file target_34.csv (CSV, C-alpha atoms)
chain,number,residue,atom,x,y,z
A,135,MET,CA,-3.1,-0.6,-18.5
A,136,ALA,CA,-2.8,2.0,-15.8
A,137,SER,CA,-4.4,1.6,-12.4
A,138,THR,CA,-7.3,3.9,-11.6
A,139,SER,CA,-7.9,2.9,-8.0
A,140,LEU,CA,-6.3,5.9,-6.3
A,141,LEU,CA,-5.8,9.0,-8.4
A,142,PRO,CA,-9.2,10.0,-10.0
A,143,LEU,CA,-11.3,12.2,-7.7
A,144,GLY,CA,-13.8,10.3,-5.6
A,145,SER,CA,-13.4,7.4,-3.3
A,146,PHE,CA,-12.7,3.7,-3.3
A,147,SER,CA,-13.5,1.0,-0.8
A,148,GLY,CA,-11.7,-2.1,0.4
A,149,ASN,CA,-13.7,-4.9,1.9
A,150,LEU,CA,-12.2,-7.6,4.1
A,151,SER,CA,-12.7,-11.1,2.6
A,152,SER,CA,-14.0,-13.9,4.7
A,153,ASN,CA,-10.5,-15.2,5.1
A,154,HIS,CA,-9.5,-12.0,6.9
A,155,ARG,CA,-12.3,-12.3,9.3
A,156,ILE,CA,-11.3,-15.9,10.3
A,157,ILE,CA,-8.4,-14.7,12.4
A,158,ARG,CA,-10.5,-12.3,14.6
A,159,ASN,CA,-13.4,-14.7,15.1
A,160,ARG,CA,-11.8,-18.1,15.0
A,161,PRO,CA,-13.5,-20.5,17.4
A,162,ARG,CA,-11.6,-22.0,20.3
A,163,ARG,CA,-11.6,-25.5,18.9
A,164,VAL,CA,-8.5,-26.3,16.8
A,165,THR,CA,-8.3,-29.1,14.3
A,166,ALA,CA,-5.0,-30.1,12.7
A,167,GLN,CA,-4.4,-32.7,10.0
A,168,CYS,CA,-2.2,-35.8,10.6
A,169,LEU,CA,-0.8,-37.8,7.7
A,170,ARG,CA,-3.5,-40.4,7.9
A,171,SER,CA,-6.2,-38.9,10.1
A,172,GLY,CA,-7.0,-36.0,12.4
A,173,ILE,CA,-6.0,-34.7,15.9
A,174,ASP,CA,-9.0,-33.0,17.6
A,175,THR,CA,-8.3,-31.1,20.8
A,176,LYS,CA,-11.5,-30.8,22.9
A,177,GLY,CA,-11.3,-30.2,26.6
A,178,SER,CA,-8.8,-32.7,28.0
A,179,GLN,CA,-9.0,-35.3,25.2
A,180,ILE,CA,-7.1,-35.9,22.0
A,181,VAL,CA,-8.4,-38.5,19.6
A,182,GLY,CA,-5.4,-39.4,17.4
A,183,CYS,CA,-4.3,-40.9,14.2
A,184,GLU,CA,-6.0,-44.3,13.7
A,185,GLY,CA,-6.4,-44.9,17.4
A,186,GLU,CA,-2.7,-44.5,18.2
A,187,LEU,CA,-3.6,-41.7,20.6
A,188,SER,CA,-6.5,-42.1,23.0
A,189,LEU,CA,-7.5,-40.4,26.2
A,190,ILE,CA,-4.6,-38.2,27.4
A,191,LYS,CA,-4.6,-36.1,30.6
A,192,ARG,CA,-4.7,-32.4,30.3
A,193,ARG,CA,-1.0,-32.0,31.3
A,194,GLY,CA,0.0,-34.1,28.3
A,195,VAL,CA,-2.0,-31.9,25.9
A,196,ILE,CA,0.2,-28.8,26.4
A,197,GLY,CA,3.0,-29.8,23.9
A,198,LEU,CA,0.6,-31.0,21.3
A,199,GLY,CA,-1.6,-27.9,21.8
A,200,LEU,CA,1.4,-25.7,21.1
A,201,SER,CA,2.1,-27.6,17.9
A,202,ALA,CA,-1.5,-27.2,16.8
A,203,SER,CA,-1.4,-23.5,17.6
A,204,SER,CA,1.8,-23.1,15.5
A,205,LEU,CA,-0.1,-24.4,12.5
A,206,LEU,CA,-2.7,-21.7,13.1
A,207,PHE,CA,-0.1,-18.9,13.3
A,208,HIS,CA,1.7,-20.1,10.1
A,209,SER,CA,-1.6,-20.5,8.2
A,210,PRO,CA,-2.3,-18.7,4.9
A,211,ASP,CA,-5.1,-16.9,6.8
A,212,ALA,CA,-2.6,-15.2,9.1
A,213,GLU,CA,-0.3,-14.3,6.2
A,214,SER,CA,-3.3,-12.8,4.3
A,215,ALA,CA,-4.0,-10.6,7.3
A,216,GLY,CA,-0.6,-9.1,7.0
A,217,LEU,CA,1.6,-11.4,9.1
A,218,PRO,CA,4.5,-11.1,8.9
A,219,PRO,CA,4.6,-7.5,7.8
A,220,GLN,CA,6.0,-6.8,4.4
A,221,GLU,CA,8.3,-3.9,3.6
A,222,ILE,CA,6.5,-1.3,1.3
A,223,PRO,CA,8.6,-0.1,-1.6
A,224,ARG,CA,9.3,3.7,-1.7
A,225,LEU,CA,10.7,6.3,-4.0
A,226,CYS,CA,12.6,8.0,-1.2
A,227,ASP,CA,14.7,5.7,1.1
A,228,ASP,CA,16.3,6.6,4.4
A,229,SER,CA,19.3,8.4,2.9
A,230,CYS,CA,16.9,10.3,0.6
A,231,GLU,CA,14.9,11.4,3.6
A,232,LYS,CA,18.0,12.8,5.3
A,233,GLU,CA,19.0,14.7,2.2
A,234,LEU,CA,15.5,16.0,1.8
A,235,GLU,CA,15.7,17.8,5.1
A,236,ASN,CA,18.2,20.3,3.5
A,237,VAL,CA,16.2,20.8,0.3
A,238,PRO,CA,14.4,24.2,0.2
A,239,MET,CA,10.6,24.1,0.2
A,240,VAL,CA,8.8,25.7,-2.7
A,241,THR,CA,5.3,27.0,-2.1
A,242,THR,CA,2.9,27.9,-5.0
A,243,GLU,CA,0.0,30.3,-5.1
A,244,SER,CA,-2.5,27.5,-4.7
A,245,GLY,CA,-0.9,26.4,-1.5
A,246,LEU,CA,0.9,23.3,-2.9
A,247,GLN,CA,4.3,22.8,-1.5
A,248,TYR,CA,7.1,20.6,-2.9
A,249,LYS,CA,10.7,19.6,-2.6
A,250,ASP,CA,12.7,18.3,-5.6
A,251,ILE,CA,14.4,15.0,-4.7
A,252,LYS,CA,16.0,15.0,-8.1
A,253,VAL,CA,15.6,17.5,-10.9
A,254,GLY,CA,15.0,15.8,-14.3
A,255,SER,CA,16.9,16.6,-17.5
A,256,GLY,CA,14.1,15.9,-20.0
A,257,PRO,CA,11.2,18.0,-21.1
A,258,SER,CA,8.2,19.2,-19.0
A,259,PRO,CA,4.8,17.9,-20.0
A,260,PRO,CA,2.5,20.3,-21.9
A,261,VAL,CA,-1.1,20.5,-20.6
A,262,GLY,CA,-3.3,17.8,-22.0
A,263,TYR,CA,-0.4,15.4,-22.8
A,264,GLN,CA,-0.3,11.9,-21.3
A,265,VAL,CA,2.5,11.3,-18.7
A,266,ALA,CA,3.8,8.1,-17.2
A,267,ALA,CA,4.7,8.4,-13.6
A,268,ASN,CA,5.4,6.4,-10.5
A,269,TYR,CA,3.9,7.5,-7.2
A,270,VAL,CA,3.8,6.6,-3.5
A,271,ALA,CA,0.8,8.3,-1.7
A,272,MET,CA,1.0,8.8,2.0
A,273,VAL,CA,-0.9,10.4,4.9
A,274,PRO,CA,1.1,13.1,6.8
A,275,THR,CA,2.3,10.4,9.3
A,276,GLY,CA,4.1,8.7,6.5
A,277,GLN,CA,1.8,5.7,6.2
A,278,VAL,CA,1.3,4.6,2.6
A,279,PHE,CA,-2.3,4.3,1.3
A,280,ASP,CA,-1.5,3.6,-2.3
A,281,SER,CA,1.5,3.1,-4.6
A,282,SER,CA,2.2,2.3,-8.2
A,283,LEU,CA,5.4,0.6,-7.1
A,284,GLU,CA,3.3,-2.1,-5.4
A,285,LYS,CA,1.3,-2.5,-8.6
A,286,ARG,CA,4.5,-2.8,-10.5
A,287,GLN,CA,3.3,-0.5,-13.3
A,288,VAL,CA,3.6,3.1,-14.1
A,289,TYR,CA,0.5,5.3,-13.8
A,290,ILE,CA,-0.5,6.9,-17.1
A,291,PHE,CA,-2.9,9.9,-17.2
A,292,ARG,CA,-3.5,13.1,-19.1
A,293,VAL,CA,-1.9,15.9,-17.1
A,294,GLY,CA,-3.8,19.1,-16.5
A,295,SER,CA,-7.1,17.6,-17.5
A,296,GLY,CA,-8.6,16.9,-14.1
A,297,GLN,CA,-8.0,13.1,-14.2
A,298,VAL,CA,-6.1,13.2,-10.9
A,299,VAL,CA,-6.3,15.3,-7.8
A,300,LYS,CA,-5.5,19.0,-8.3
A,301,GLY,CA,-2.2,18.9,-6.3
A,302,LEU,CA,-0.8,16.1,-8.3
A,303,ASP,CA,-1.8,17.7,-11.6
A,304,GLU,CA,-0.1,21.0,-10.6
A,305,GLY,CA,3.0,19.3,-9.2
A,306,ILE,CA,3.8,17.2,-12.2
A,307,LEU,CA,3.2,20.0,-14.8
A,308,SER,CA,6.4,21.8,-13.6
A,309,MET,CA,8.5,18.7,-13.4
A,310,LYS,CA,10.9,17.4,-16.1
A,311,VAL,CA,11.3,13.8,-17.3
A,312,GLY,CA,13.6,11.9,-15.1
A,313,GLY,CA,12.8,14.1,-12.1
A,314,LYS,CA,11.6,13.0,-8.7
A,315,ARG,CA,9.6,15.2,-6.3
A,316,ARG,CA,7.8,15.2,-3.0
A,317,LEU,CA,4.5,17.0,-3.1
A,318,TYR,CA,2.8,18.3,0.1
A,319,VAL,CA,-0.8,18.5,-1.0
A,320,PRO,CA,-3.2,20.6,1.1
A,321,GLY,CA,-6.7,19.3,1.7
A,322,SER,CA,-8.2,21.8,-0.7
A,323,LEU,CA,-6.1,20.2,-3.5
A,324,ALA,CA,-6.5,16.5,-2.4
A,325,PHE,CA,-9.5,14.3,-2.0
A,326,PRO,CA,-12.7,16.2,-1.3
A,327,LYS,CA,-14.6,13.0,-0.6
A,328,GLY,CA,-11.8,11.3,1.2
A,329,LEU,CA,-10.8,7.7,0.7
A,330,THR,CA,-12.0,4.7,2.6
A,331,SER,CA,-9.3,2.5,4.0
A,332,ALA,CA,-8.2,-0.7,2.4
A,333,PRO,CA,-7.1,-3.6,4.6
A,334,GLY,CA,-4.0,-2.6,6.5
A,335,ARG,CA,-3.9,0.9,5.1
A,336,PRO,CA,-4.8,4.3,6.6
A,337,ARG,CA,-8.1,6.1,5.9
A,338,VAL,CA,-7.9,9.5,4.1
A,339,ALA,CA,-10.4,11.9,5.6
A,340,PRO,CA,-12.2,14.3,3.3
A,341,ASN,CA,-10.2,17.5,2.5
A,342,SER,CA,-7.2,16.3,4.5
A,343,PRO,CA,-3.6,16.9,3.5
A,344,VAL,CA,-1.7,14.1,1.8
A,345,ILE,CA,1.9,13.6,0.5
A,346,PHE,CA,2.9,12.2,-2.9
A,347,ASP,CA,6.4,11.1,-3.8
A,348,VAL,CA,6.3,11.1,-7.6
A,349,SER,CA,8.8,10.4,-10.4
A,350,LEU,CA,8.1,11.5,-14.0
A,351,GLU,CA,9.2,8.5,-16.1
A,352,TYR,CA,8.4,9.6,-19.7
A,353,ILE,CA,5.9,11.5,-21.8
A,354,PRO,CA,4.2,9.2,-24.4
A,355,GLY,CA,3.9,10.9,-27.8
A,356,LEU,CA,6.3,13.8,-26.9
A,357,ASP,CA,9.2,11.4,-26.5
A,358,ASP,CA,8.3,9.8,-29.7
A,359,ASP,CA,8.2,13.1,-31.6
A,360,GLU,CA,11.7,14.0,-30.3
A,361,GLU,CA,13.1,10.7,-31.6

call {"tool": "encode", "arguments": {"input": "target_34.csv", "output": "structure tokens"}}
result
Amino acid sequence: MASTSLLPLGSFSGNLSSNHRIIRNRPRRVTAQCLRSGIDTKGSQIVGCEGELSLIKRRGVIGLGLSASSLLFHSPDAESAGLPPQEIPRLCDDSCEKELENVPMVTTESGLQYKDIKVGSGPSPPVGYQVAANYVAMVPTGQVFDSSLEKRQVYIFRVGSGQVVKGLDEGILSMKVGGKRRLYVPGSLAFPKGLTSAPGRPRVAPNSPVIFDVSLEYIPGLDDDEE
């Protein structure tokens, strides 16, 4: 099934889980697990594994404190908060970006602008047909706020039927199967209500411009008829 979290008109929200909040508000006391019992750092004392560690002066705590803190920074909570950062898959890599600088910009009557990264060799979708596409959606700074590549599935929708934002509808209608295009969507053709930010992703303000890199993979039904 296709994802519907991004493209239909409206807004979506992303709420931080309790695990995400642990990192910001974690108490100062750190508890780490030994193989047989616990090490508890509190002030200048460490109570260790089955009595093997007793009262230790503060200067002796430093090394063990660093070891305990390393457990914190390598915890699943830290990773769930985006540490270390993961590379986001894109439809246009660095070499593509350089080539795109020399591609002429096309501007339509509606104000939509686009550059063809690759012109397809297949058919263009008729209005009302379903299309299967991949997309990477960005704010003008290049930060990604949604992507079908991350979901690892193409997005299927009925083109020209208002199921997606107007700029994406218009931009795909003139593409050919196998093509790849960058759409510069003005605010009037984007998200009238905006989109609330998911964890680690930028917020899209109401009626603000956005950018879509989109590839038209195939047209269900039309491809079958041609075969």

call {"tool": "residues_around", "arguments": {"input": "target_34.csv", "residues": "Ser342 (chain A)", "least_positions_apart": "4", "cutoff": "10 Å", "atoms": "all atoms listed in the file", "output": "list in words"}}
result
Val273, Pro274, Val319, Pro320, Gly321, Ser322, Leu323, Ala324, Phe325, Pro326, Lys327, Gly328 and Val338 of chain A

call {"tool": "atom_distance", "arguments": {"input": "target_34.csv", "atom1": "CA of Gly305 (chain A)", "atom2": "CA of Leu317 (chain A)"}}
result
6.7 Å

call {"tool": "atom_distance", "arguments": {"input": "target_34.csv", "atom1": "CA of Ser331 (chain A)", "atom2": "CA of Asp280 (chain A)"}}
result
10.1 Å

call {"tool": "atom_distance", "arguments": {"input": "target_34.csv", "atom1": "CA of Glu304 (chain A)", "atom2": "CA of Asp347 (chain A)"}}
result
13.7 Å

call {"tool": "residues_around", "arguments": {"input": "target_34.csv", "residues": "Val240 (chain A)", "least_positions_apart": "2", "cutoff": "10 Å", "atoms": "only C-alpha atoms", "output": "PyMOL selection string"}}
result
chain A and resi 237-238+242+245-250+317-318

call {"tool": "residues_around", "arguments": {"input": "target_34.csv", "residues": "Met272 (chain A)", "least_positions_apart": "2", "cutoff": "9 Å", "atoms": "all atoms listed in the file", "output": "JSON, numbers by chain"}}
result
{"A": [270, 274, 275, 276, 277, 278, 279, 280, 281, 336, 344, 345, 346, 347]}

call {"tool": "write_last_selection", "arguments": {"input": "target_34.csv", "atoms": "C-alpha atoms", "output": "CSV table (one decimal), in the coordinates of the input"}}
result
chain,number,residue,atom,x,y,z
A,270,VAL,CA,3.8,6.6,-3.5
A,274,PRO,CA,1.1,13.1,6.8
A,275,THR,CA,2.3,10.4,9.3
A,276,GLY,CA,4.1,8.7,6.5
A,277,GLN,CA,1.8,5.7,6.2
A,278,VAL,CA,1.3,4.6,2.6
A,279,PHE,CA,-2.3,4.3,1.3
A,280,ASP,CA,-1.5,3.6,-2.3
A,281,SER,CA,1.5,3.1,-4.6
A,336,PRO,CA,-4.8,4.3,6.6
A,344,VAL,CA,-1.7,14.1,1.8
A,345,ILE,CA,1.9,13.6,0.5
A,346,PHE,CA,2.9,12.2,-2.9
A,347,ASP,CA,6.4,11.1,-3.8

call {"tool": "residues_near_point", "arguments": {"input": "target_34.csv", "point": "(6.5, 10.7, -7.1)", "cutoff": "6 Å", "atoms": "only C-alpha atoms", "output": "list in words"}}
result
Asn268, Tyr269, Lys314, Arg315, Phe346, Asp347, Val348 and Ser349 of chain A

call {"tool": "closest_residue", "arguments": {"input": "target_34.csv", "among": "A:Ser229, A:Ser308, A:Ser244, A:Ser295", "to": "Gln264 (chain A)", "atoms": "only C-alpha atoms"}}
result
A:Ser295

call {"tool": "closest_residue", "arguments": {"input": "target_34.csv", "among": "A:Arg337, A:Tyr352, A:Pro223, A:Gly313", "to": "Val253 (chain A)", "atoms": "only C-alpha atoms"}}
result
A:Gly313

call {"tool": "closest_residue", "arguments": {"input": "target_34.csv", "among": "A:Pro354, A:Leu329, A:Pro340, A:Gly254", "to": "Phe291 (chain A)", "atoms": "all atoms listed in the file"}}
result
A:Pro354

call {"tool": "closest_residue", "arguments": {"input": "target_34.csv", "among": "A:Leu356, A:Ala332, A:Leu225, A:Val265", "to": "Val298 (chain A)", "atoms": "all atoms listed in the file"}}
result
A:Val265

call {"tool": "decode", "arguments": {"input": "target_34.csv", "residues": "region 337-360 of chain A", "atoms": "N, CA, C and O atoms", "output": "PDB file, in the first residue's frame"}}
result
ATOM      1  N   ARG A 337       9.768  22.065   9.730  1.00  0.00           N
ATOM      2  CA  ARG A 337       8.345  22.383   9.630  1.00  0.00           C
ATOM      3  C   ARG A 337       8.092  23.077   8.297  1.00  0.00           C
ATOM      4  O   ARG A 337       8.913  23.849   7.815  1.00  0.00           O
ATOM      5  N   VAL A 338       6.940  22.797   7.710  1.00  0.00           N
ATOM      6  CA  VAL A 338       6.520  23.477   6.486  1.00  0.00           C
ATOM      7  C   VAL A 338       5.427  24.462   6.871  1.00  0.00           C
ATOM      8  O   VAL A 338       4.341  24.072   7.311  1.00  0.00           O
ATOM      9  N   ALA A 339       5.712  25.746   6.718  1.00  0.00           N
ATOM     10  CA  ALA A 339       4.742  26.777   7.081  1.00  0.00           C
ATOM     11  C   ALA A 339       3.606  26.816   6.065  1.00  0.00           C
ATOM     12  O   ALA A 339       3.783  26.431   4.896  1.00  0.00           O
ATOM     13  N   PRO A 340       2.429  27.272   6.451  1.00  0.00           N
ATOM     14  CA  PRO A 340       1.314  27.375   5.498  1.00  0.00           C
ATOM     15  C   PRO A 340       1.679  28.243   4.294  1.00  0.00           C
ATOM     16  O   PRO A 340       2.304  29.294   4.439  1.00  0.00           O
ATOM     17  N   ASN A 341       1.311  27.771   3.118  1.00  0.00           N
ATOM     18  CA  ASN A 341       1.517  28.509   1.861  1.00  0.00           C
ATOM     19  C   ASN A 341       2.986  28.895   1.628  1.00  0.00           C
ATOM     20  O   ASN A 341       3.269  29.945   1.036  1.00  0.00           O
ATOM     21  N   SER A 342       3.893  28.050   2.070  1.00  0.00           N
ATOM     22  CA  SER A 342       5.309  28.311   1.829  1.00  0.00           C
ATOM     23  C   SER A 342       5.804  27.436   0.677  1.00  0.00           C
ATOM     24  O   SER A 342       5.273  26.348   0.434  1.00  0.00           O
ATOM     25  N   PRO A 343       6.811  27.885  -0.085  1.00  0.00           N
ATOM     26  CA  PRO A 343       7.312  27.095  -1.211  1.00  0.00           C
ATOM     27  C   PRO A 343       8.026  25.821  -0.750  1.00  0.00           C
ATOM     28  O   PRO A 343       8.631  25.794   0.327  1.00  0.00           O
ATOM     29  N   VAL A 344       7.928  24.789  -1.552  1.00  0.00           N
ATOM     30  CA  VAL A 344       8.605  23.525  -1.280  1.00  0.00           C
ATOM     31  C   VAL A 344       9.226  23.016  -2.575  1.00  0.00           C
ATOM     32  O   VAL A 344       8.928  23.516  -3.667  1.00  0.00           O
ATOM     33  N   ILE A 345      10.070  22.035  -2.453  1.00  0.00           N
ATOM     34  CA  ILE A 345      10.744  21.434  -3.607  1.00  0.00           C
ATOM     35  C   ILE A 345      10.485  19.935  -3.592  1.00  0.00           C
ATOM     36  O   ILE A 345      10.602  19.291  -2.546  1.00  0.00           O
ATOM     37  N   PHE A 346      10.142  19.386  -4.752  1.00  0.00           N
ATOM     38  CA  PHE A 346       9.977  17.948  -4.906  1.00  0.00           C
ATOM     39  C   PHE A 346      10.952  17.443  -5.960  1.00  0.00           C
ATOM     40  O   PHE A 346      10.977  17.953  -7.085  1.00  0.00           O
ATOM     41  N   ASP A 347      11.762  16.462  -5.616  1.00  0.00           N
ATOM     42  CA  ASP A 347      12.431  15.644  -6.620  1.00  0.00           C
ATOM     43  C   ASP A 347      11.541  14.424  -6.824  1.00  0.00           C
ATOM     44  O   ASP A 347      11.196  13.731  -5.848  1.00  0.00           O
ATOM     45  N   VAL A 348      11.132  14.172  -8.050  1.00  0.00           N
ATOM     46  CA  VAL A 348      10.175  13.105  -8.301  1.00  0.00           C
ATOM     47  C   VAL A 348      10.595  12.296  -9.514  1.00  0.00           C
ATOM     48  O   VAL A 348      11.103  12.841 -10.501  1.00  0.00           O
ATOM     49  N   SER A 349      10.402  10.984  -9.442  1.00  0.00           N
ATOM     50  CA  SER A 349      10.647  10.106 -10.586  1.00  0.00           C
ATOM     51  C   SER A 349       9.369   9.340 -10.885  1.00  0.00           C
ATOM     52  O   SER A 349       8.734   8.799  -9.974  1.00  0.00           O
ATOM     53  N   LEU A 350       8.977   9.325 -12.148  1.00  0.00           N
ATOM     54  CA  LEU A 350       7.766   8.609 -12.569  1.00  0.00           C
ATOM     55  C   LEU A 350       8.163   7.186 -12.941  1.00  0.00           C
ATOM     56  O   LEU A 350       8.802   6.954 -13.969  1.00  0.00           O
ATOM     57  N   GLU A 351       7.791   6.243 -12.100  1.00  0.00           N
ATOM     58  CA  GLU A 351       8.245   4.861 -12.259  1.00  0.00           C
ATOM     59  C   GLU A 351       7.406   4.082 -13.280  1.00  0.00           C
ATOM     60  O   GLU A 351       7.955   3.457 -14.183  1.00  0.00           O
ATOM     61  N   TYR A 352       6.102   4.110 -13.132  1.00  0.00           N
ATOM     62  CA  TYR A 352       5.232   3.414 -14.086  1.00  0.00           C
ATOM     63  C   TYR A 352       3.794   3.885 -13.901  1.00  0.00           C
ATOM     64  O   TYR A 352       3.466   4.585 -12.938  1.00  0.00           O
ATOM     65  N   ILE A 353       2.956   3.510 -14.856  1.00  0.00           N
ATOM     66  CA  ILE A 353       1.550   3.881 -14.819  1.00  0.00           C
ATOM     67  C   ILE A 353       0.731   2.584 -14.797  1.00  0.00           C
ATOM     68  O   ILE A 353       0.575   1.936 -15.828  1.00  0.00           O
ATOM     69  N   PRO A 354       0.234   2.172 -13.622  1.00  0.00           N
ATOM     70  CA  PRO A 354      -0.550   0.942 -13.553  1.00  0.00           C
ATOM     71  C   PRO A 354      -1.768   1.016 -14.474  1.00  0.00           C
ATOM     72  O   PRO A 354      -2.410   2.041 -14.592  1.00  0.00           O
ATOM     73  N   GLY A 355      -2.059  -0.062 -15.133  1.00  0.00           N
ATOM     74  CA  GLY A 355      -3.201  -0.065 -16.065  1.00  0.00           C
ATOM     75  C   GLY A 355      -2.771   0.331 -17.456  1.00  0.00           C
ATOM     76  O   GLY A 355      -2.982  -0.415 -18.412  1.00  0.00           O
ATOM     77  N   LEU A 356      -2.155   1.480 -17.604  1.00  0.00           N
ATOM     78  CA  LEU A 356      -1.698   1.937 -18.926  1.00  0.00           C
ATOM     79  C   LEU A 356      -0.572   1.041 -19.423  1.00  0.00           C
ATOM     80  O   LEU A 356      -0.560   0.643 -20.577  1.00  0.00           O
ATOM     81  N   ASP A 357       0.364   0.734 -18.555  1.00  0.00           N
ATOM     82  CA  ASP A 357       1.453  -0.160 -18.935  1.00  0.00           C
ATOM     83  C   ASP A 357       0.915  -1.553 -19.279  1.00  0.00           C
ATOM     84  O   ASP A 357       1.362  -2.219 -20.214  1.00  0.00           O
ATOM     85  N   ASP A 358      -0.095  -1.982 -18.508  1.00  0.00           N
ATOM     86  CA  ASP A 358      -0.678  -3.303 -18.767  1.00  0.00           C
ATOM     87  C   ASP A 358      -1.381  -3.337 -20.122  1.00  0.00           C
ATOM     88  O   ASP A 358      -1.302  -4.308 -20.881  1.00  0.00           O
ATOM     89  N   ASP A 359      -2.065  -2.223 -20.482  1.00  0.00           N
ATOM     90  CA  ASP A 359      -2.778  -2.170 -21.767  1.00  0.00           C
ATOM     91  C   ASP A 359      -1.792  -2.234 -22.929  1.00  0.00           C
ATOM     92  O   ASP A 359      -2.076  -2.876 -23.953  1.00  0.00           O
ATOM     93  N   GLU A 360      -0.624  -1.588 -22.768  1.00  0.00           N
ATOM     94  CA  GLU A 360       0.355  -1.573 -23.853  1.00  0.00           C
ATOM     95  C   GLU A 360       0.996  -2.930 -24.055  1.00  0.00           C
ATOM     96  O   GLU A 360       1.422  -3.288 -25.129  1.00  0.00           O
TER      97      GLU A 360
END
